[in-house]
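Reproduced below: target.cif, with mmCIF, C-alpha atoms.
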```cif
data_input
loop_
_atom_site.label_atom_id
_atom_site.label_comp_id
_atom_site.auth_asym_id
_atom_site.auth_seq_id
_atom_site.Cartn_x
_atom_site.Cartn_y
_atom_site.Cartn_z
CA MET J 1 111.10 151.72 105.62
CA SER J 2 107.58 151.00 104.31
CA TYR J 3 106.31 153.16 101.50
CA GLN J 4 104.59 156.35 102.67
CA GLN J 5 102.02 158.06 100.45
CA LEU J 6 102.55 161.81 99.96
CA ALA J 7 100.40 164.56 98.50
CA ILE J 8 100.44 168.33 98.05
CA TYR J 9 97.61 170.77 98.67
CA LEU J 10 96.85 173.65 96.34
CA GLN J 11 94.73 176.49 97.64
CA ASP J 12 94.83 180.12 96.50
CA LYS J 13 98.07 181.45 97.95
CA HIS J 14 100.02 180.87 94.73
CA SER J 15 99.26 181.91 91.18
CA ILE J 16 97.51 179.33 89.03
CA SER J 17 100.56 179.03 86.77
CA ASP J 18 102.73 178.35 89.83
CA GLU J 19 100.26 175.75 91.08
CA PHE J 20 100.50 173.96 87.75
CA GLU J 21 104.29 173.96 88.03
CA PHE J 22 104.15 172.58 91.58
CA ALA J 23 101.73 169.84 90.48
CA ARG J 24 104.00 168.75 87.63
CA TYR J 25 107.02 168.82 89.91
CA ALA J 26 105.31 166.81 92.67
CA GLU J 27 104.36 164.16 90.13
CA GLN J 28 107.94 164.12 88.82
CA ARG J 29 109.28 163.63 92.38
CA GLY J 30 106.98 160.65 92.92
CA PHE J 31 104.17 162.18 94.94
CA ASP J 32 100.94 160.22 94.88
CA ALA J 33 98.20 162.85 94.81
CA ILE J 34 97.32 166.49 94.27
CA TRP J 35 94.44 167.89 96.29
CA GLN J 36 92.82 171.16 95.24
CA ALA J 37 90.96 173.30 97.75
CA ASP J 38 87.63 174.90 97.04
CA THR J 39 88.82 178.04 98.74
CA ARG J 40 86.13 180.11 100.41
CA LEU J 41 84.86 182.08 97.38
CA ALA J 42 88.33 182.62 95.95
CA ARG J 43 89.13 179.63 93.74
CA ASP J 44 86.87 176.91 92.36
CA CYS J 45 88.30 173.42 92.76
CA ILE J 46 86.42 171.83 89.83
CA SER J 47 87.97 174.17 87.25
CA MET J 48 91.38 173.54 88.75
CA MET J 49 90.94 169.75 88.86
CA GLY J 50 90.12 169.67 85.16
CA ALA J 51 93.26 171.60 84.38
CA LEU J 52 95.35 169.43 86.71
CA ALA J 53 94.01 166.32 85.01
CA ALA J 54 95.18 167.72 81.68
CA ILE J 55 98.74 168.52 82.78
CA THR J 56 99.48 165.34 84.78
CA THR J 57 99.46 161.66 83.86
CA ARG J 58 99.76 159.56 87.03
CA VAL J 59 98.82 161.31 90.29
CA LYS J 60 95.40 161.10 91.87
CA ILE J 61 93.50 164.40 91.87
CA GLY J 62 91.16 165.14 94.75
CA SER J 63 88.75 167.90 95.74
CA GLY J 64 89.74 168.99 99.19
CA VAL J 65 86.84 169.52 99.75
CA LEU J 66 83.91 170.65 97.60
CA PRO J 67 80.85 171.97 99.49
CA PHE J 68 77.78 170.11 98.25
CA TRP J 69 75.12 172.52 99.54
CA PRO J 70 75.05 174.82 96.48
CA ARG J 71 74.95 171.91 94.00
CA ASN J 72 72.26 169.58 92.74
CA VAL J 73 73.34 165.99 93.29
CA ALA J 74 72.68 164.99 89.66
CA THR J 75 74.77 167.79 88.18
CA LEU J 76 77.43 167.04 90.79
CA ALA J 77 77.55 163.45 89.55
CA ALA J 78 77.91 164.66 85.95
CA THR J 79 80.73 166.99 86.97
CA TYR J 80 82.79 164.25 88.62
CA SER J 81 81.95 161.82 85.81
CA THR J 82 83.48 164.30 83.37
CA LEU J 83 86.60 164.68 85.52
CA TRP J 84 86.84 160.89 85.73
CA GLU J 85 86.89 160.64 81.95
CA MET J 86 89.35 163.53 81.58
CA SER J 87 91.81 162.09 84.06
CA GLY J 88 91.67 158.42 83.11
CA ASN J 89 90.09 157.36 86.42
CA ARG J 90 92.35 159.42 88.72
CA ILE J 91 89.68 161.49 90.49
CA ILE J 92 88.78 161.50 94.19
CA CYS J 93 85.46 163.12 95.11
CA GLY J 94 86.04 164.92 98.39
CA LEU J 95 82.89 166.57 99.74
CA GLY J 96 82.07 168.67 102.77
CA ALA J 97 79.06 170.23 104.48
CA TRP J 98 80.60 173.74 104.37
CA TRP J 99 80.69 175.96 107.44
CA GLU J 100 79.34 179.10 109.01
CA PRO J 101 79.29 182.00 108.50
CA ILE J 102 79.80 181.51 104.77
CA THR J 103 76.64 179.43 104.18
CA SER J 104 74.25 181.95 105.70
CA LYS J 105 76.04 184.87 104.03
CA VAL J 106 75.36 183.37 100.59
CA GLY J 107 71.74 182.57 101.42
CA ILE J 108 72.04 178.85 102.13
CA ARG J 109 70.29 177.35 105.16
CA ARG J 110 72.74 174.79 106.50
CA THR J 111 70.48 172.42 108.39
CA LYS J 112 70.88 168.77 109.40
CA PRO J 113 74.35 168.43 107.85
CA LEU J 114 74.67 164.77 108.87
CA GLN J 115 71.46 163.79 107.13
CA ALA J 116 72.29 165.90 104.07
CA THR J 117 75.77 164.35 103.82
CA ARG J 118 74.37 160.84 104.12
CA GLU J 119 71.84 161.49 101.37
CA TYR J 120 74.31 163.10 98.97
CA ILE J 121 76.86 160.31 99.32
CA THR J 122 74.28 157.52 99.03
CA VAL J 123 72.74 159.01 95.89
CA LEU J 124 76.07 159.99 94.31
CA ARG J 125 77.29 156.43 94.69
CA LYS J 126 74.20 155.14 92.89
CA LEU J 127 74.63 157.65 90.07
CA PHE J 128 78.33 156.83 89.71
CA ALA J 129 77.31 153.15 89.43
CA ARG J 130 75.09 154.10 86.43
CA GLU J 131 71.89 153.25 88.27
CA VAL J 132 68.55 154.90 87.44
CA VAL J 133 67.70 156.75 90.64
CA THR J 134 64.37 157.82 92.06
CA TRP J 135 64.81 159.49 95.44
CA HIS J 136 62.53 161.84 97.36
CA SER J 137 63.67 163.25 100.69
CA GLU J 138 64.28 166.51 102.50
CA PHE J 139 67.44 167.32 100.55
CA ILE J 140 67.24 165.38 97.29
CA ASN J 141 64.45 164.89 94.79
CA LEU J 142 65.15 162.80 91.70
CA ASP J 143 62.69 161.08 89.37
CA GLU J 144 64.27 158.33 87.25
CA VAL J 145 67.58 160.14 86.89
CA GLU J 146 70.81 158.62 85.59
CA LEU J 147 74.09 159.74 84.07
CA ASP J 148 72.96 160.13 80.48
CA ILE J 149 76.13 158.81 78.86
CA ILE J 150 75.59 157.55 75.32
CA HIS J 151 78.95 158.18 73.67
CA GLY J 152 82.47 157.55 74.91
CA ASP J 153 83.22 155.57 78.05
CA THR J 154 79.89 154.28 79.36
CA ARG J 155 81.25 152.19 82.23
CA PRO J 156 80.29 152.82 85.86
CA ARG J 157 82.43 155.56 87.36
CA ALA J 158 84.93 154.14 89.88
CA ILE J 159 85.11 157.38 91.88
CA PRO J 160 85.91 157.07 95.59
CA ILE J 161 83.97 159.46 97.84
CA TYR J 162 85.69 161.06 100.82
CA ILE J 163 84.14 163.29 103.48
CA GLY J 164 85.91 166.35 104.83
CA ALA J 165 84.97 165.77 108.47
CA THR J 166 85.86 167.70 111.64
CA GLY J 167 83.13 167.10 114.23
CA ASP J 168 82.66 163.84 116.13
CA LYS J 169 79.39 162.77 114.51
CA MET J 170 80.58 163.57 111.00
CA LEU J 171 83.75 161.55 111.60
CA GLU J 172 81.68 158.56 112.71
CA LEU J 173 79.42 158.95 109.67
CA THR J 174 82.51 158.94 107.46
CA GLY J 175 83.62 155.61 108.87
CA GLU J 176 80.14 154.22 108.34
CA LEU J 177 79.63 155.45 104.79
CA ALA J 178 82.59 156.89 102.87
CA ASP J 179 85.69 155.51 101.16
CA GLY J 180 87.92 157.83 103.14
CA VAL J 181 88.11 160.90 105.34
CA VAL J 182 89.90 164.15 104.55
CA LEU J 183 91.17 165.15 107.99
CA ASN J 184 91.38 168.86 108.56
CA TYR J 185 94.45 171.00 109.06
CA MET J 186 95.24 173.44 111.83
CA VAL J 187 94.66 170.64 114.32
CA SER J 188 96.93 168.81 116.74
CA PRO J 189 98.19 165.21 116.54
CA ALA J 190 96.05 164.50 119.62
CA TYR J 191 92.99 165.59 117.69
CA ILE J 192 93.97 163.28 114.80
CA ARG J 193 94.20 160.31 117.16
CA LYS J 194 90.71 161.08 118.46
CA ALA J 195 89.36 161.63 114.93
CA VAL J 196 90.77 158.34 113.67
CA ALA J 197 89.23 156.52 116.63
CA LEU J 198 85.83 158.01 115.76
CA VAL J 199 86.17 156.95 112.12
CA ARG J 200 87.05 153.46 113.33
CA ALA J 201 84.01 153.38 115.62
CA GLY J 202 81.72 154.34 112.74
CA ALA J 203 83.24 151.71 110.46
CA GLU J 204 82.99 148.94 113.04
CA ARG J 205 79.41 149.83 113.86
CA ALA J 206 78.55 149.47 110.16
CA GLY J 207 80.48 146.20 109.87
CA ARG J 208 83.12 147.75 107.58
CA ASP J 209 86.88 147.12 107.51
CA PHE J 210 88.46 150.23 109.04
CA ASN J 211 91.85 149.38 107.53
CA LYS J 212 90.43 149.86 104.03
CA LEU J 213 89.43 153.46 104.76
CA ASP J 214 91.92 156.07 103.56
CA ARG J 215 92.76 158.87 106.02
CA PRO J 216 94.68 161.66 104.29
CA GLU J 217 95.21 164.84 106.30
CA LEU J 218 95.74 168.43 105.25
CA ILE J 219 98.90 169.74 106.93
CA VAL J 220 100.23 173.28 106.81
CA VAL J 221 103.99 173.25 106.20
CA SER J 222 105.94 176.44 106.83
CA MET J 223 109.60 175.62 106.18
CA ASP J 224 112.54 178.03 106.38
CA LYS J 225 116.14 178.06 107.57
CA ASP J 226 115.05 181.07 109.62
CA ARG J 227 112.80 179.38 112.17
CA GLY J 228 111.17 182.64 113.29
CA LYS J 229 110.26 183.51 109.72
CA ALA J 230 108.69 180.09 109.26
CA LEU J 231 106.62 180.44 112.44
CA ASP J 232 105.38 183.91 111.46
CA ALA J 233 104.24 182.67 108.04
CA ALA J 234 102.19 179.92 109.70
CA ARG J 235 100.93 182.31 112.38
CA GLU J 236 99.43 184.58 109.70
CA LEU J 237 97.33 181.74 108.28
CA LEU J 238 96.44 180.42 111.73
CA VAL J 239 95.03 183.82 112.70
CA GLN J 240 92.61 183.64 109.76
CA TYR J 241 91.37 180.23 110.85
CA LEU J 242 91.00 181.31 114.47
CA GLY J 243 88.76 184.15 113.33
CA GLN J 244 86.89 182.61 110.41
CA GLU J 245 86.68 178.84 111.02
CA PRO J 246 86.49 178.50 114.81
CA HIS J 247 84.99 174.99 114.53
CA ILE J 248 88.40 173.74 113.41
CA MET J 249 90.17 175.55 116.23
CA LYS J 250 87.75 174.25 118.85
CA ALA J 251 88.51 170.72 117.65
CA SER J 252 92.12 171.22 118.75
CA GLY J 253 91.09 172.57 122.13
CA VAL J 254 91.98 176.22 121.51
CA ASN J 255 90.84 178.42 124.39
CA GLN J 256 87.55 180.21 123.70
CA ASP J 257 88.97 183.47 125.06
CA LEU J 258 91.63 183.45 122.34
CA LEU J 259 89.02 182.69 119.68
CA ASP J 260 86.91 185.60 120.92
CA GLN J 261 89.86 187.99 120.94
CA VAL J 262 90.88 187.12 117.40
CA HIS J 263 87.32 187.15 116.12
CA ALA J 264 86.81 190.64 117.57
CA VAL J 265 89.64 191.91 115.38
CA LEU J 266 88.96 189.95 112.18
CA GLY J 267 85.32 189.26 111.38
CA TRP J 268 84.38 187.81 107.97
CA PRO J 269 85.39 188.60 105.32
CA THR J 270 88.63 190.01 106.67
CA THR J 271 91.58 192.02 105.35
CA LYS J 272 95.32 191.49 105.42
CA GLU J 273 95.64 194.52 107.70
CA LYS J 274 93.29 193.00 110.29
CA VAL J 275 95.18 189.71 110.15
CA GLN J 276 98.42 191.55 110.87
CA GLN J 277 96.77 193.33 113.82
CA ALA J 278 95.74 190.02 115.39
CA MET J 279 98.99 188.06 114.91
CA HIS J 280 100.48 189.14 118.23
CA LEU J 281 97.65 187.30 120.02
CA VAL J 282 98.87 183.88 118.84
CA PRO J 283 101.83 182.31 120.73
CA ASP J 284 104.57 180.19 119.11
CA GLU J 285 103.39 177.14 121.06
CA LEU J 286 100.00 177.17 119.35
CA VAL J 287 101.59 177.61 115.92
CA GLN J 288 103.80 174.58 116.52
CA LEU J 289 100.92 172.55 117.98
CA VAL J 290 98.72 172.71 114.86
CA THR J 291 101.19 173.16 111.96
CA ALA J 292 104.47 171.72 110.71
CA SER J 293 106.58 174.85 111.05
CA GLY J 294 110.28 175.58 111.45
CA THR J 295 113.37 174.09 109.87
CA ALA J 296 113.18 171.26 107.35
CA TYR J 297 114.00 168.75 110.09
CA GLU J 298 111.27 170.12 112.40
CA CYS J 299 108.69 170.01 109.60
CA VAL J 300 109.45 166.40 108.72
CA GLU J 301 109.33 165.35 112.37
CA LYS J 302 105.98 167.06 112.87
CA VAL J 303 104.52 165.35 109.80
CA LYS J 304 105.75 162.04 111.23
CA GLU J 305 103.73 162.81 114.37
CA TYR J 306 100.58 163.15 112.28
CA ILE J 307 101.34 159.89 110.48
CA ALA J 308 101.87 158.13 113.81
CA ALA J 309 98.51 159.52 114.96
CA GLY J 310 96.74 157.77 112.08
CA CYS J 311 97.11 159.91 108.96
CA THR J 312 97.64 157.63 105.93
CA CYS J 313 98.77 160.37 103.53
CA PRO J 314 99.93 163.87 104.51
CA ILE J 315 98.50 166.47 102.11
CA MET J 316 101.05 169.23 102.52
CA TYR J 317 100.31 172.90 101.94
CA SER J 318 103.43 175.02 101.50
CA LEU J 319 103.13 178.59 102.77
CA HIS J 320 106.15 179.84 100.84
CA ALA J 321 106.38 181.29 97.38
CA ASP J 322 108.02 178.19 95.92
CA ALA J 323 106.68 174.79 97.04
CA ARG J 324 109.38 172.81 95.24
CA PRO J 325 111.94 172.88 98.09
CA MET J 326 109.28 171.41 100.40
CA ILE J 327 108.48 168.74 97.82
CA ASP J 328 112.19 167.86 97.60
CA VAL J 329 112.56 167.60 101.38
CA PHE J 330 109.65 165.18 101.77
CA ALA J 331 110.51 163.14 98.67
CA GLU J 332 113.92 162.53 100.24
CA ALA J 333 112.61 161.99 103.78
CA PHE J 334 110.15 159.37 102.53
CA PRO J 335 111.84 157.56 99.60
CA ARG J 336 109.57 157.06 96.63
CA LYS J 337 108.84 153.81 94.79
#
```

As structure tokens, please, write out the structure in this file.
Amino acid sequence: MSYQQLAIYLQDKHSISDEFEFARYAEQRGFDAIWQADTRLARDCISMMGALAAITTRVKIGSGVLPFWPRNVATLAATYSTLWEMSGNRIICGLGAWWEPITSKVGIRRTKPLQATREYITVLRKLFAREVVTWHSEFINLDEVELDIIHGDTRPRAIPIYIGATGDKMLELTGELADGVVLNYMVSPAYIRKAVALVRAGAERAGRDFNKLDRPELIVVSMDKDRGKALDAARELLVQYLGQEPHIMKASGVNQDLLDQVHAVLGWPTTKEKVQQAMHLVPDELVQLVTASGTAYECVEKVKEYIAAGCTCPIMYSLHADARPMIDVFAEAFPRK
């Protein structure tokens, strides 16, 4: 069997101390990366990445993904430069164009996300390369700006830039411009096949080698000997995404009537009580379509489907209190180096 990259996803379900334990354990079991979510307005990924860099020694640490809209591109470059130094060159800069309704609720006008993404990545790459940048456009204005590094490691920052892409045009832009794509979760293997094809099309149009583009995917894993319990745990999270991030659900072909029904109950922000009220609307078939849920065997087989569809590294998010059993199962299913 060829070597399969594996990663875990940390969000805000677990305590920070537990997340640190899971990160250490995943590294011990041979996992290749830890990806930290920038979770709604619940947990900041940059703070967590700095801490993860301090408590690990080998794994890559990625932002999965950081919204760039609220951040100036120059300060963003300084932030990732600092993480690069802290980690010993183990940082992956995963960026995204955020989503509605959160952007408008915090007073940000999310306009022309493709153009904004292109500008941010182009300028970030120049700043990481230690260039002096002058850039004046709709989204970025810099006048002879560079990373002002005088002491310590003054080398260019070898920081790969990934885009968290869901829509067709953003996926093509990722293939054209980025070092990799962070494929979304709560989607079907069929969606992943389509997404990978769009990334390939963008890469080929730009004359780039598609095979050099990394394609990790966030995957919800709900694993339990009690299959019904596992499905219900995934259903609870799925309900939140149906109500709050319908763009992801539409990507998997979820019926608009179901989205409308769930949204009518939830709204944004929501409550645990409203989520519970809406759970009966979501059938088992949909849970199993867009998550890896069920027994250990079923979860591994579902992840294999995503890999076969074009995912290069599953980034697995455990829905249970202790992620270590899930880490053990996948470390054994995909033998480490």

Closest atom pairs, range 180-199 of chain J residues within 10 Å of range 91-95 of chain J, only C-alpha atoms, as JSON lines:
```
{"residue": "J:Gly180", "atom": "CA", "partner": "J:Gly94", "partner_atom": "CA", "distance": 8.7}
{"residue": "J:Val181", "atom": "CA", "partner": "J:Gly94", "partner_atom": "CA", "distance": 8.3}
{"residue": "J:Val182", "atom": "CA", "partner": "J:Gly94", "partner_atom": "CA", "distance": 7.3}
```

Picked residues, the PyMOL selection byres ((chain J and resi 167) around 10), expected as JSON, numbers by chain: {"J": [164, 165, 166, 168, 169, 170, 171, 172, 195, 198, 247, 248, 250, 251]}

Give as a compact mmCIF listing (two decimals) with C-alpha atoms, in the coordinates of the input the residues that the PyMOL selection byres ((chain J and resi 203) around 9) matches when applied to the coordinates above.
```txt
# COMPACT_ATOMS: atom_id res chain seq x y z
CA GLU J 172 81.68 158.56 112.71
CA LEU J 173 79.42 158.95 109.67
CA THR J 174 82.51 158.94 107.46
CA GLY J 175 83.62 155.61 108.87
CA GLU J 176 80.14 154.22 108.34
CA LEU J 177 79.63 155.45 104.79
CA LEU J 198 85.83 158.01 115.76
CA VAL J 199 86.17 156.95 112.12
CA ARG J 200 87.05 153.46 113.33
CA ALA J 201 84.01 153.38 115.62
CA GLY J 202 81.72 154.34 112.74
CA GLU J 204 82.99 148.94 113.04
CA ARG J 205 79.41 149.83 113.86
CA ALA J 206 78.55 149.47 110.16
CA GLY J 207 80.48 146.20 109.87
CA ARG J 208 83.12 147.75 107.58
CA ASP J 209 86.88 147.12 107.51
CA PHE J 210 88.46 150.23 109.04
CA LEU J 213 89.43 153.46 104.76
```

Residue contacts of Ile55 in chain J (10 Å, all atoms listed in the file) excluding same-chain residues fewer than 5 positions away, as a PyMOL selection string: chain J and resi 20-21+23-24+49-50+87

Resulting file, chosen residues, C-alpha atoms, as a short mmCIF file (atom, residue, chain, number, x, y, z; two decimals), keeping the file's coordinate frame:
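After the write, selection23.cif holds the following:
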```cif
data_model
loop_
_atom_site.label_atom_id
_atom_site.label_comp_id
_atom_site.auth_asym_id
_atom_site.auth_seq_id
_atom_site.Cartn_x
_atom_site.Cartn_y
_atom_site.Cartn_z
CA PHE J 20 100.50 173.96 87.75
CA GLU J 21 104.29 173.96 88.03
CA ALA J 23 101.73 169.84 90.48
CA ARG J 24 104.00 168.75 87.63
CA MET J 49 90.94 169.75 88.86
CA GLY J 50 90.12 169.67 85.16
CA SER J 87 91.81 162.09 84.06
#
```

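Each of J:Val275, J:Ala26, J:Val282, J:Ile327 was checked against Leu259 in chain J using only C-alpha atoms; the smallest atom-to-atom distance is that of J:Val282.
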
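If you look at CA of Thr270 in chain J and CA of Arg71 in chain J, they are 26.0 Å away from each other.
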
Resolved residues for the PyMOL selection byres ((chain J and resi 115-126) around 7) as a PyMOL selection string: chain J and resi 73+77+97+112-114+127-131+139

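All protein, DNA and RNA residues at most 12 Å from (112.5, 159.9, 100.4) are Met1, Ser2, Tyr3, Gln4, Gln5, Leu6, Arg29, Gly30, Phe31, Val300, Met326, Ile327, Asp328, Val329, Phe330, Ala331, Glu332, Ala333, Phe334, Pro335, Arg336 and Lys337 of chain J, using all atoms listed in the file.
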
Computed interatomic separation between CA of Thr295 in chain J and CA of Ala230 in chain J (Å): 7.6 Å

Could you name the residues that touch Ala308 in chain J at 10 Å or less, counting all atoms listed in the file, but leaving out those on the same chain fewer than 3 positions away, as an mmCIF file with C-alpha atoms, in the frame of the given file?
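out.cif was written with the following content:
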```
data_model
loop_
_atom_site.group_PDB
_atom_site.id
_atom_site.type_symbol
_atom_site.label_atom_id
_atom_site.label_comp_id
_atom_site.auth_asym_id
_atom_site.auth_seq_id
_atom_site.Cartn_x
_atom_site.Cartn_y
_atom_site.Cartn_z
ATOM 1 C CA PRO J 189 98.190 165.210 116.540
ATOM 2 C CA ILE J 192 93.970 163.280 114.800
ATOM 3 C CA ARG J 193 94.200 160.310 117.160
ATOM 4 C CA LYS J 302 105.980 167.060 112.870
ATOM 5 C CA VAL J 303 104.520 165.350 109.800
ATOM 6 C CA LYS J 304 105.750 162.040 111.230
ATOM 7 C CA GLU J 305 103.730 162.810 114.370
ATOM 8 C CA CYS J 311 97.110 159.910 108.960
ATOM 9 C CA THR J 312 97.640 157.630 105.930
#
```

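Interatomic distance, CA of Gln256 in chain J to CA of Leu281 in chain J: 12.9 Å.
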
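With distances taken over all atoms listed in the file, J:Cys299 is the one residue among J:Cys313, J:Ala51, J:Cys299, J:Val132 lying closest to Lys225 in chain J.
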
Given only C-alpha atoms as the counted atoms, nearest of J:Ile102, J:Ile307, J:Met316, J:Ile61 to Pro160 in chain J: J:Ile61

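Compared by their closest atoms to Asp148 in chain J, and using all atoms listed in the file, the residues J:Pro314, J:Glu217, J:Glu301, J:Ala74 rank with J:Ala74 nearest.
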
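Proximity of J:Val262, J:Gly64, J:Met86, J:Pro101 to Lys274 in chain J, computed with all atoms listed in the file, is greatest for J:Val262.
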
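Distances here use all atoms listed in the file; by that measure, the residue among J:Ile219, J:Val239, J:Leu41, J:Ile8 closest to Val59 in chain J is J:Ile8.
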
Residue contacts of Thr39 in chain J (9 Å, all atoms listed in the file) excluding same-chain residues fewer than 5 positions away, as an MDAnalysis selection string: chainID J and resid 11:12 44:45 65:66

Excluding same-chain residues fewer than 3 positions from Ala234 in chain J, what lies within 7 Å of it counting only C-alpha atoms, as a PDB file with C-alpha atoms, in the frame of the given file?
```
ATOM      1  CA  SER J 222     105.940 176.440 106.830  1.00  0.00           C
ATOM      2  CA  ALA J 230     108.690 180.090 109.260  1.00  0.00           C
ATOM      3  CA  LEU J 231     106.620 180.440 112.440  1.00  0.00           C
ATOM      4  CA  LEU J 237      97.330 181.740 108.280  1.00  0.00           C
ATOM      5  CA  LEU J 238      96.440 180.420 111.730  1.00  0.00           C
ATOM      6  CA  VAL J 287     101.590 177.610 115.920  1.00  0.00           C
ATOM      7  CA  SER J 293     106.580 174.850 111.050  1.00  0.00           C
TER       8      SER J 293
END
```

Shell around Thr291 in chain J at 6 Å using only C-alpha atoms, local window under 3 positions removed, as a short mmCIF file (atom, residue, chain, number, x, y, z; two decimals) with C-alpha atoms, keeping the file's coordinate frame:
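Written out: selection_21.cif:
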```cif
data_model
loop_
_atom_site.label_atom_id
_atom_site.label_comp_id
_atom_site.auth_asym_id
_atom_site.auth_seq_id
_atom_site.Cartn_x
_atom_site.Cartn_y
_atom_site.Cartn_z
CA MET J 186 95.24 173.44 111.83
CA VAL J 220 100.23 173.28 106.81
CA VAL J 287 101.59 177.61 115.92
CA GLN J 288 103.80 174.58 116.52
#
```

Edge lengths and centre in Å, axis-aligned, range 193-198 of chain J plus 3 Å each side, as JSON:
```
{"center_x": 90.0, "center_y": 159.1, "center_z": 116.1, "size_x": 14.4, "size_y": 11.1, "size_z": 10.8}
```

Missing atoms in range 113-127 of chain J: fill them in up to N, CA and C atoms and send the result as a CSV table (one decimal), in the frame of the given file.
```
chain,number,residue,atom,x,y,z
J,113,PRO,N,73.2,168.8,108.7
J,113,PRO,CA,74.4,168.4,107.8
J,113,PRO,C,74.7,166.9,107.8
J,114,LEU,N,74.4,166.2,108.9
J,114,LEU,CA,74.7,164.8,108.9
J,114,LEU,C,73.7,164.1,107.9
J,115,GLN,N,72.4,164.4,108.0
J,115,GLN,CA,71.5,163.8,107.1
J,115,GLN,C,71.7,164.2,105.7
J,116,ALA,N,72.0,165.5,105.4
J,116,ALA,CA,72.3,165.9,104.1
J,116,ALA,C,73.5,165.2,103.5
J,117,THR,N,74.6,165.0,104.3
J,117,THR,CA,75.8,164.4,103.8
J,117,THR,C,75.5,162.9,103.5
J,118,ARG,N,74.7,162.2,104.4
J,118,ARG,CA,74.4,160.8,104.1
J,118,ARG,C,73.6,160.7,102.8
J,119,GLU,N,72.6,161.6,102.6
J,119,GLU,CA,71.8,161.5,101.4
J,119,GLU,C,72.7,161.7,100.1
J,120,TYR,N,73.5,162.8,100.1
J,120,TYR,CA,74.3,163.1,99.0
J,120,TYR,C,75.2,161.9,98.6
J,121,ILE,N,75.9,161.4,99.6
J,121,ILE,CA,76.9,160.3,99.3
J,121,ILE,C,76.1,159.1,98.8
J,122,THR,N,75.0,158.7,99.4
J,122,THR,CA,74.3,157.5,99.0
J,122,THR,C,73.8,157.7,97.6
J,123,VAL,N,73.3,158.8,97.2
J,123,VAL,CA,72.7,159.0,95.9
J,123,VAL,C,73.9,159.1,94.9
J,124,LEU,N,74.9,159.9,95.2
J,124,LEU,CA,76.1,160.0,94.3
J,124,LEU,C,76.6,158.6,93.9
J,125,ARG,N,76.7,157.8,94.9
J,125,ARG,CA,77.3,156.4,94.7
J,125,ARG,C,76.4,155.7,93.7
J,126,LYS,N,75.1,155.8,93.8
J,126,LYS,CA,74.2,155.1,92.9
J,126,LYS,C,74.3,155.7,91.5
J,127,LEU,N,74.5,157.0,91.4
J,127,LEU,CA,74.6,157.6,90.1
J,127,LEU,C,76.0,157.3,89.4
```
